[in-house]
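Asks: I am sharing structure31.txt, which consists of compact mmCIF, C-alpha atoms:
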```
# COMPACT_ATOMS: atom_id res chain seq x y z
CA MET A 1183 183.75 -263.38 -5.69
CA ASP A 1184 183.90 -260.11 -3.83
CA GLY A 1185 186.87 -258.52 -2.12
CA ALA A 1186 185.85 -259.70 1.34
CA GLN A 1187 186.57 -263.30 0.39
CA GLU A 1188 190.03 -262.41 -0.85
CA THR A 1189 190.98 -261.17 2.58
CA GLY A 1190 189.46 -264.02 4.53
CA GLY A 1191 185.69 -263.80 4.67
CA LYS A 1192 183.50 -266.35 6.40
CA GLU A 1193 183.03 -268.38 3.22
CA ARG A 1194 186.72 -268.68 2.61
CA ARG A 1195 187.33 -269.71 6.20
CA ARG A 1196 184.77 -272.50 5.75
CA TRP A 1197 186.33 -274.01 2.64
CA MET A 1198 189.86 -273.64 4.01
CA ALA A 1199 188.76 -275.60 7.09
CA VAL A 1200 187.31 -278.35 4.88
CA LEU A 1201 190.54 -278.53 2.85
CA ALA A 1202 192.69 -278.61 5.99
CA ARG A 1203 190.82 -281.72 7.19
CA ALA A 1204 190.93 -283.55 3.84
CA SER A 1205 193.82 -285.83 2.93
CA ALA A 1206 195.90 -285.32 -0.23
CA GLY A 1207 194.37 -288.44 -1.77
CA GLU A 1208 190.81 -287.22 -1.21
CA ILE A 1209 191.48 -283.77 -2.70
CA ASP A 1210 193.30 -285.37 -5.63
CA ALA A 1211 190.43 -287.77 -6.31
CA HIS A 1212 187.85 -284.96 -6.41
CA LEU A 1213 190.10 -282.70 -8.48
CA ALA A 1214 190.43 -285.46 -11.07
CA ALA A 1215 186.72 -285.07 -11.84
CA LEU A 1216 187.34 -281.48 -12.97
CA PRO A 1217 189.14 -280.18 -16.04
CA ALA A 1218 192.90 -279.98 -15.51
CA PRO A 1219 193.76 -277.39 -12.82
CA PRO A 1220 195.33 -274.13 -14.03
CA PRO A 1221 199.13 -273.76 -14.00
CA TYR A 1222 200.52 -272.18 -10.86
CA ILE A 1223 203.80 -271.30 -9.18
CA ARG A 1224 204.72 -271.85 -5.55
CA LEU A 1225 205.20 -268.61 -3.66
CA ARG A 1226 206.23 -270.26 -0.43
CA GLY A 1227 206.64 -273.82 0.67
CA PRO A 1228 205.16 -276.31 1.11
CA GLU A 1229 207.13 -276.15 4.33
CA THR A 1230 206.68 -277.84 7.69
CA GLY A 1231 207.11 -276.12 11.02
CA LEU A 1232 205.85 -275.92 14.57
CA VAL A 1233 203.19 -273.64 15.94
CA MET A 1234 202.49 -273.11 19.62
CA VAL A 1235 198.95 -273.99 20.57
CA ARG A 1236 197.66 -271.83 23.40
CA GLY A 1237 194.88 -272.78 25.71
CA ARG A 1238 192.78 -271.25 28.48
CA ALA A 1239 191.31 -273.08 31.44
CA GLY A 1240 187.65 -272.17 31.42
CA GLY A 1241 186.39 -269.05 29.69
CA ASP A 1242 188.31 -266.62 31.89
CA GLY A 1243 191.52 -268.47 32.78
CA ALA A 1244 194.93 -267.05 31.94
CA PRO A 1245 196.24 -268.23 28.56
CA PHE A 1246 199.00 -270.83 28.74
CA ASN A 1247 201.07 -272.74 26.19
CA LEU A 1248 199.39 -276.09 25.66
CA GLY A 1249 202.07 -277.52 23.40
CA GLU A 1250 203.49 -277.39 19.91
CA MET A 1251 201.90 -278.98 16.89
CA THR A 1252 203.31 -279.73 13.46
CA VAL A 1253 201.85 -277.63 10.68
CA THR A 1254 202.56 -277.58 6.95
CA ARG A 1255 201.79 -274.45 4.99
CA CYS A 1256 201.89 -273.49 1.35
CA ALA A 1257 201.07 -270.48 -0.82
CA VAL A 1258 200.63 -270.69 -4.59
CA ARG A 1259 199.83 -268.14 -7.30
CA LEU A 1260 197.78 -268.76 -10.42
CA ALA A 1261 198.60 -267.17 -13.77
CA ASP A 1262 195.94 -264.47 -13.17
CA GLY A 1263 197.58 -263.41 -9.91
CA ARG A 1264 195.17 -265.03 -7.44
CA VAL A 1265 197.01 -266.29 -4.37
CA GLY A 1266 195.85 -269.40 -2.52
CA HIS A 1267 196.96 -270.27 1.00
CA ALA A 1268 196.78 -273.43 3.05
CA TYR A 1269 197.71 -274.40 6.59
CA CYS A 1270 197.30 -278.10 7.44
CA ALA A 1271 198.07 -280.10 10.56
CA GLY A 1272 200.76 -282.72 10.05
CA ARG A 1273 203.58 -282.94 7.56
CA ASP A 1274 201.82 -283.82 4.31
CA ALA A 1275 203.34 -281.37 1.81
CA ARG A 1276 201.19 -282.65 -1.05
CA GLN A 1277 198.01 -281.96 0.91
CA ALA A 1278 199.10 -278.40 1.69
CA GLU A 1279 199.98 -277.71 -1.94
CA LEU A 1280 196.70 -279.12 -3.28
CA ALA A 1281 194.70 -277.27 -0.63
CA ALA A 1282 196.40 -273.99 -1.57
CA LEU A 1283 195.71 -274.65 -5.25
CA VAL A 1284 192.03 -275.38 -4.61
CA ASP A 1285 191.81 -272.26 -2.42
CA ALA A 1286 193.15 -270.16 -5.31
CA MET A 1287 190.73 -271.82 -7.76
CA LEU A 1288 187.82 -271.03 -5.44
CA LEU A 1289 188.74 -267.34 -5.51
CA ASP A 1290 188.18 -267.29 -9.26
CA PRO A 1291 184.50 -266.46 -9.90
CA GLU A 1292 184.51 -268.54 -13.10
CA SER A 1293 185.63 -271.80 -11.58
CA HIS A 1294 184.19 -271.15 -8.10
CA SER A 1295 180.83 -272.89 -8.39
CA GLN A 1296 182.26 -275.92 -10.15
CA VAL A 1297 185.05 -276.42 -7.59
CA GLU A 1298 182.64 -275.72 -4.74
CA SER A 1299 180.14 -278.36 -5.87
CA ARG A 1300 182.60 -281.01 -7.09
CA VAL A 1301 185.38 -280.74 -4.50
CA ILE A 1302 184.35 -278.86 -1.36
CA ALA A 1303 180.77 -280.13 -1.06
CA PRO A 1304 181.65 -283.87 -1.25
CA LEU A 1305 184.62 -283.38 1.08
CA ALA A 1306 182.48 -281.51 3.61
CA GLN A 1307 179.79 -284.19 3.35
CA ALA A 1308 182.29 -287.01 3.95
CA GLN A 1309 183.75 -285.15 6.91
CA ALA A 1310 180.32 -284.53 8.40
CA ALA A 1311 179.43 -288.22 7.96
CA ARG A 1312 182.69 -289.24 9.63
CA ARG A 1313 182.07 -286.86 12.51
CA GLU A 1314 178.54 -288.12 12.96
CA ALA A 1315 179.58 -291.79 12.91
CA GLU A 1316 182.14 -291.04 15.58
CA ALA A 1317 179.61 -289.12 17.66
CA ARG A 1318 177.20 -292.02 17.38
CA ARG A 1319 179.85 -294.50 18.53
CA ALA A 1320 180.67 -292.27 21.48
CA ALA A 1321 176.99 -291.75 22.31
CA ALA A 1322 176.49 -295.53 22.63
CA THR A 1323 178.88 -295.58 25.58
CA ARG A 1324 177.38 -292.55 27.28
CA VAL A 1325 176.76 -292.95 30.98
CA GLN A 1326 173.53 -291.42 32.29
CA PHE A 1327 174.31 -290.39 35.83
CA PHE A 1328 170.71 -289.48 36.38
CA THR A 1329 169.65 -293.05 35.54
CA MET A 1330 172.18 -294.49 37.97
CA THR A 1331 170.82 -292.47 40.86
CA GLN A 1332 167.34 -293.64 40.01
CA MET A 1333 168.46 -297.28 39.97
CA ARG A 1334 169.90 -297.15 43.47
CA MET B 805 199.40 -259.64 4.03
CA THR B 806 200.21 -261.37 0.80
CA THR B 807 202.38 -260.86 -2.23
CA PRO B 808 202.30 -262.19 -5.80
CA PHE B 809 206.08 -262.63 -5.86
CA PRO B 810 207.81 -265.89 -4.88
CA GLY B 811 210.84 -266.41 -2.66
CA PHE B 812 213.80 -268.72 -3.31
CA ALA B 813 212.97 -271.70 -5.54
CA ASP B 814 214.80 -273.91 -3.04
CA PRO B 815 214.69 -272.04 0.29
CA VAL B 816 217.31 -274.20 2.03
CA LEU B 817 219.99 -274.62 -0.65
CA ASP B 818 219.61 -271.19 -2.26
CA GLY B 819 219.64 -269.56 1.18
CA GLN B 820 222.79 -271.45 2.14
CA ALA B 821 224.48 -270.54 -1.15
CA CYS B 822 223.62 -266.87 -0.64
CA PHE B 823 224.87 -266.99 2.96
CA ARG B 824 228.14 -268.44 1.69
CA ALA B 825 228.37 -265.66 -0.91
CA VAL B 826 227.91 -262.97 1.76
CA LEU B 827 230.44 -264.74 4.03
CA ASN B 828 233.00 -264.90 1.21
CA ALA B 829 232.39 -261.27 0.33
CA MET B 830 232.81 -260.16 3.96
CA SER B 831 236.01 -262.15 4.42
CA ARG B 832 237.52 -261.23 1.02
CA PRO B 833 236.37 -257.67 0.38
CA GLY B 834 236.76 -256.81 -3.28
CA ARG B 835 236.05 -260.32 -4.55
CA VAL B 836 232.68 -260.06 -6.26
CA GLN B 837 230.27 -262.94 -5.56
CA GLN B 838 227.31 -264.23 -7.51
CA VAL B 839 224.00 -265.35 -5.97
CA ILE B 840 220.99 -267.33 -7.17
CA PRO B 841 218.08 -264.89 -6.95
CA PRO B 842 214.35 -265.76 -6.81
CA CYS B 843 212.90 -266.23 -10.30
CA GLU B 844 210.59 -263.19 -10.07
CA LEU B 845 211.16 -260.06 -8.05
CA PRO B 846 209.03 -257.23 -6.70
CA PRO B 847 209.80 -253.92 -8.41
CA GLY B 848 212.33 -251.85 -6.48
CA LEU B 849 214.65 -254.67 -5.45
CA SER B 850 217.72 -255.90 -7.32
CA PRO B 851 218.14 -259.70 -7.53
CA ALA B 852 221.14 -259.74 -5.20
CA ALA B 853 219.51 -257.42 -2.65
CA ALA B 854 216.39 -259.61 -2.65
CA ALA B 855 218.50 -262.74 -2.10
CA VAL B 856 220.39 -261.08 0.77
CA LEU B 857 217.12 -260.06 2.44
CA LEU B 858 215.69 -263.58 2.12
CA THR B 859 218.87 -265.01 3.60
CA LEU B 860 219.69 -262.65 6.46
CA VAL B 861 216.45 -260.99 7.53
CA ASP B 862 213.93 -262.72 9.78
CA ALA B 863 211.59 -262.00 12.67
CA ASP B 864 214.52 -261.06 14.94
CA THR B 865 216.13 -258.49 12.62
CA PRO B 866 214.30 -255.17 12.23
CA LEU B 867 214.63 -253.82 8.70
CA ARG B 868 214.47 -250.31 7.36
CA LEU B 869 213.27 -250.57 3.78
CA ASN B 870 212.53 -247.89 1.25
CA ALA B 871 211.79 -249.70 -1.98
CA GLY B 872 208.08 -249.29 -2.51
CA PRO B 873 204.94 -251.06 -1.23
CA ASP B 874 205.43 -254.20 -3.36
CA ALA B 875 208.85 -254.81 -1.87
CA GLU B 876 207.50 -254.17 1.63
CA ALA B 877 204.68 -256.70 1.20
CA TRP B 878 207.13 -259.21 -0.24
CA VAL B 879 209.55 -258.83 2.68
CA ARG B 880 206.75 -259.10 5.25
CA PHE B 881 205.45 -262.27 3.63
CA HIS B 882 208.72 -264.11 3.10
CA CYS B 883 210.90 -262.82 5.95
CA GLY B 884 208.29 -261.88 8.57
CA CYS B 885 210.55 -259.09 9.81
CA PRO B 886 209.47 -255.93 11.60
CA LEU B 887 209.76 -252.87 9.33
CA VAL B 888 211.05 -249.92 11.31
CA SER B 889 212.43 -246.46 10.61
CA ASP B 890 214.75 -246.38 13.63
CA GLY B 891 217.02 -248.97 15.20
CA ALA B 892 217.11 -251.34 12.24
CA ALA B 893 219.68 -254.14 12.02
CA PHE B 894 219.60 -254.02 8.22
CA VAL B 895 218.95 -250.96 6.09
CA LEU B 896 218.02 -250.94 2.42
CA ASP B 897 217.27 -247.32 1.72
CA ALA B 898 218.92 -245.24 -0.99
CA ALA B 899 218.38 -242.16 1.19
CA ALA B 900 220.21 -243.62 4.22
CA GLU B 901 223.37 -241.78 5.23
CA LEU B 902 226.28 -243.93 6.28
CA LEU B 903 227.29 -241.83 9.25
CA THR B 904 223.82 -241.38 10.75
CA LEU B 905 223.09 -245.13 11.04
CA ALA B 906 223.51 -246.87 14.40
CA CYS B 907 227.12 -248.04 14.70
CA GLY B 908 226.97 -250.06 17.93
CA THR B 909 228.78 -249.19 21.14
CA GLU B 910 232.28 -249.87 22.46
CA GLU B 911 230.80 -252.68 24.58
CA GLU B 912 228.59 -254.09 21.80
CA PRO B 913 230.10 -253.19 18.43
CA GLN B 914 228.21 -256.11 16.84
CA ASN B 915 225.06 -254.00 17.07
CA GLY B 916 226.26 -251.81 14.20
CA THR B 917 223.87 -251.61 11.26
CA THR B 918 224.45 -253.49 8.01
CA LEU B 919 223.67 -251.26 5.05
CA ILE B 920 222.64 -252.89 1.79
CA LEU B 921 223.66 -250.45 -0.90
CA GLU B 922 222.41 -250.86 -4.46
CA ALA B 923 225.09 -249.96 -7.00
CA SER B 924 224.66 -249.91 -10.75
CA GLU B 925 227.93 -251.67 -11.54
CA LEU B 926 230.28 -253.94 -9.59
CA GLN B 927 233.50 -255.10 -11.29
CA GLU B 928 236.83 -256.48 -10.13
CA SER B 929 238.77 -253.84 -12.04
CA THR B 930 240.41 -250.47 -11.55
CA GLY B 931 238.40 -248.02 -9.50
CA TRP B 932 238.72 -248.30 -5.75
CA ARG B 933 241.81 -249.82 -4.13
CA LEU B 934 240.80 -251.87 -1.12
CA THR B 935 243.24 -252.82 1.65
CA GLY B 936 242.78 -254.25 5.11
CA PRO B 937 242.01 -257.57 6.83
CA GLY B 938 241.18 -260.35 4.36
CA ILE B 939 243.15 -258.70 1.56
CA ARG B 940 246.72 -259.81 0.91
CA ASP B 941 248.03 -256.78 -0.96
CA CYS B 942 245.24 -254.83 -2.49
CA HIS B 943 242.01 -255.62 -4.30
CA ALA B 944 240.69 -253.48 -7.12
CA LEU B 945 236.96 -252.87 -7.27
CA ARG B 946 235.02 -250.68 -9.64
CA VAL B 947 231.76 -249.47 -8.19
CA THR B 948 229.43 -247.03 -9.89
CA GLY B 949 226.13 -245.69 -8.70
CA VAL B 950 226.91 -245.20 -5.00
CA PRO B 951 226.04 -241.82 -3.44
CA PRO B 952 228.59 -239.04 -4.01
CA GLY B 953 230.93 -238.58 -1.07
CA PHE B 954 230.69 -242.25 -0.11
CA VAL B 955 234.46 -242.78 0.03
CA ALA B 956 234.97 -239.79 2.34
CA ALA B 957 232.12 -240.96 4.58
CA TRP B 958 233.62 -244.44 4.58
CA ALA B 959 236.95 -243.11 5.89
CA ARG B 960 235.11 -241.55 8.84
CA ASN B 961 233.12 -244.75 9.37
CA ARG B 962 236.35 -246.73 9.51
CA ALA B 963 237.86 -244.32 12.02
CA ARG B 964 235.09 -245.27 14.51
CA PHE B 965 236.41 -248.86 14.80
CA PRO B 966 235.42 -251.10 16.63
CA CYS B 967 232.07 -249.38 16.10
CA GLY B 968 230.86 -248.81 12.58
CA VAL B 969 228.53 -249.78 9.79
CA ASP B 970 229.15 -252.72 7.44
CA VAL B 971 228.06 -252.44 3.82
CA ILE B 972 226.86 -255.06 1.35
CA LEU B 973 227.07 -253.74 -2.21
CA THR B 974 224.67 -255.25 -4.72
CA ALA B 975 224.33 -254.88 -8.47
CA GLY B 976 222.20 -257.23 -10.53
CA ASP B 977 222.83 -260.74 -9.21
CA ARG B 978 226.32 -259.84 -7.97
CA LEU B 979 227.34 -258.66 -4.55
CA ASP B 980 230.37 -257.61 -2.59
CA ALA B 981 230.88 -256.47 0.97
CA LEU B 982 232.74 -253.71 2.75
CA PRO B 983 233.30 -254.72 6.38
CA ARG B 984 234.06 -251.75 8.64
CA THR B 985 237.78 -252.63 8.70
CA VAL B 986 238.42 -252.16 4.99
CA ARG B 987 240.26 -249.08 3.70
CA ILE B 988 239.15 -247.53 0.40
CA GLU B 989 241.41 -245.36 -1.74
CA GLU B 990 240.22 -243.87 -4.97
CA GLY B 991 242.25 -244.17 -8.18
```
Represent the structure of the file as structure tokens.
Replies:
Amino acid sequence: MDGAQETGGKERRRWMAVLARASAGEIDAHLAALPAPPPYIRLRGPETGLVMVRGRAGGDGAPFNLGEMTVTRCAVRLADGRVGHAYCAGRDARQAELAALVDAMLLDPESHSQVESRVIAPLAQAQAARREAEARRAAATRVQFFTMTQMR
Amino acid sequence: MTTPFPGFADPVLDGQACFRAVLNAMSRPGRVQQVIPPCELPPGLSPAAAAVLLTLVDADTPLRLNAGPDAEAWVRFHCGCPLVSDGAAFVLDAAAELLTLACGTEEEPQNGTTLILEASELQESTGWRLTGPGIRDCHALRVTGVPPGFVAAWARNRARFPCGVDVILTAGDRLDALPRTVRIEEG
């Protein structure tokens, strides 16, 4: 992997988002299909805290504090010095730790493709399927205002 | 902004133990305290100094640090503190001069700087004689590796009371403190 990914390239953002939405059990199940993960040490956390979520009304409204949400974060380091980070909503410390570990493994060019295809791809697929099923359920209850005016 | 060096193994308990060590050192100057340092350290920081930074420095305490880029990255990552050259609440800089650091004002003497001074040796044996609040008769403390002229500068620092600079001495995983009220005599 090139240096851009180390500092937060588009690719890394994508897999970190997938990991943040996956539960500890899901990540664990997919990791089990791979050879044993490399040894690592925890640099920080996993620790739970609050972050302020800011919002804006419309595209040009003034920013305001929407509310606080619970976030768990973790940073781990592999033996070769690669540092993985994870920020996850909620208070699942195991999820944050596993996500940070997988992030660090993805930074390693040797294990990247294997982890990408065996962990990230199935997780992303499951999440997309879940999202689509939900969208379909919501679409079934959609009200067509245009139709109603025609019916009058 | 990342660092390959970890913080405390147990952030809550190790941080509390280190806070207690600093509190004991401040209230009993001359009684050397031991701390539990992080298992790996960035180059340029002694174990005790690293533990003190993790314990006392956070986003609200500007820090003046001169211990190399690794130490700076480590402090930014684990403490999230602003690194400044002027107006710092804590100073860890071998080049810092005791009498040029901010010492607070008559109205707000608590704004005096705390200087973390790395010594090479810290022993409860003959060297300095410490007297003052928190010391019944006199405590003996042997300190080596502090800048020359430190004792003379300390006498002038003490004369500024209630303003002044407090010092935390560190050596290896041991620390001691010199609150601004303590009197140091050599010999």
Asks: Using only C-alpha atoms, which chain B residues lie at most 7 Å away from chain A, written as an mmCIF file with C-alpha atoms, in the coordinates of the input?
Replies:
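What ended up in part.cif:
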```
data_model
loop_
_atom_site.group_PDB
_atom_site.id
_atom_site.type_symbol
_atom_site.label_atom_id
_atom_site.label_comp_id
_atom_site.auth_asym_id
_atom_site.auth_seq_id
_atom_site.Cartn_x
_atom_site.Cartn_y
_atom_site.Cartn_z
ATOM 1 C CA PRO B 808 202.300 -262.190 -5.800
ATOM 2 C CA PHE B 809 206.080 -262.630 -5.860
ATOM 3 C CA PRO B 810 207.810 -265.890 -4.880
ATOM 4 C CA GLY B 811 210.840 -266.410 -2.660
#
```
Asks: Between atom CA of Met1251 of chain A and atom CA of Pro1228 of chain A, what distance in Å does the model show, to one decimal?
Replies: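 We find that atom CA of Met1251 of chain A and atom CA of Pro1228 of chain A lie 16.3 Å from each other.
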Asks: Can you tell me which residues surround Asp864 of chain B at a distance of at most 10 Å, considering all atoms listed in the file, apart from same-chain residues fewer than 4 positions away, and format the answer as a PDB file with C-alpha atoms, keeping the file's coordinate frame?
Replies:
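Result file follows (around19.pdb):
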```
ATOM      1  CA  CYS B 883     210.900-262.820   5.950  1.00  0.00           C
ATOM      2  CA  GLY B 884     208.290-261.880   8.570  1.00  0.00           C
ATOM      3  CA  CYS B 885     210.550-259.090   9.810  1.00  0.00           C
ATOM      4  CA  PRO B 886     209.470-255.930  11.600  1.00  0.00           C
ATOM      5  CA  ALA B 893     219.680-254.140  12.020  1.00  0.00           C
TER       6      ALA B 893
END
```
Asks: Determine the axis-aligned bounding box of all atoms of segment 1306-1324 of chain A present in the file, pad each side by 4 Å, and express its centre and edge lengths in Å to one decimal place as lines of an AutoDock Vina configuration file.
Replies:
```
center_x = 180.1
center_y = -288.5
center_z = 15.3
size_x = 15.3
size_y = 22.1
size_z = 31.9
```
Asks: May I have the residues within 8 Å of Leu903 of chain B as a ChimeraX atom specification, using all atoms listed in the file and disregarding those fewer than 4 positions away in the same chain?
Replies: /B:957,960-961
Asks: Can you take the partial segment 972-983 of chain B, add N, CA and C atoms, and return it as an mmCIF file, keeping the file's coordinate frame?
Replies:
```cif
data_model
loop_
_atom_site.group_PDB
_atom_site.id
_atom_site.type_symbol
_atom_site.label_atom_id
_atom_site.label_comp_id
_atom_site.auth_asym_id
_atom_site.auth_seq_id
_atom_site.Cartn_x
_atom_site.Cartn_y
_atom_site.Cartn_z
ATOM 1 N N ILE B 972 226.930 -254.036 2.402
ATOM 2 C CA ILE B 972 226.860 -255.060 1.350
ATOM 3 C C ILE B 972 226.478 -254.330 0.079
ATOM 4 N N LEU B 973 227.348 -254.385 -0.917
ATOM 5 C CA LEU B 973 227.070 -253.740 -2.210
ATOM 6 C C LEU B 973 226.397 -254.757 -3.115
ATOM 7 N N THR B 974 225.339 -254.337 -3.799
ATOM 8 C CA THR B 974 224.670 -255.250 -4.720
ATOM 9 C C THR B 974 224.491 -254.579 -6.066
ATOM 10 N N ALA B 975 224.596 -255.368 -7.110
ATOM 11 C CA ALA B 975 224.330 -254.880 -8.470
ATOM 12 C C ALA B 975 223.909 -256.086 -9.286
ATOM 13 N N GLY B 976 222.694 -256.068 -9.795
ATOM 14 C CA GLY B 976 222.200 -257.230 -10.530
ATOM 15 C C GLY B 976 222.203 -258.440 -9.618
ATOM 16 N N ASP B 977 222.773 -259.562 -10.074
ATOM 17 C CA ASP B 977 222.830 -260.740 -9.210
ATOM 18 C C ASP B 977 224.224 -260.902 -8.600
ATOM 19 N N ARG B 978 224.983 -259.795 -8.548
ATOM 20 C CA ARG B 978 226.320 -259.840 -7.970
ATOM 21 C C ARG B 978 226.353 -259.023 -6.688
ATOM 22 N N LEU B 979 227.209 -259.441 -5.773
ATOM 23 C CA LEU B 979 227.340 -258.660 -4.550
ATOM 24 C C LEU B 979 228.776 -258.670 -4.068
ATOM 25 N N ASP B 980 229.084 -257.679 -3.251
ATOM 26 C CA ASP B 980 230.370 -257.610 -2.590
ATOM 27 C C ASP B 980 230.117 -256.941 -1.243
ATOM 28 N N ALA B 981 231.098 -257.030 -0.356
ATOM 29 C CA ALA B 981 230.880 -256.470 0.970
ATOM 30 C C ALA B 981 232.033 -255.575 1.363
ATOM 31 N N LEU B 982 231.738 -254.582 2.173
ATOM 32 C CA LEU B 982 232.740 -253.710 2.750
ATOM 33 C C LEU B 982 232.592 -253.795 4.266
ATOM 34 N N PRO B 983 233.340 -254.721 4.921
ATOM 35 C CA PRO B 983 233.300 -254.720 6.380
ATOM 36 C C PRO B 983 233.947 -253.441 6.896
#
```
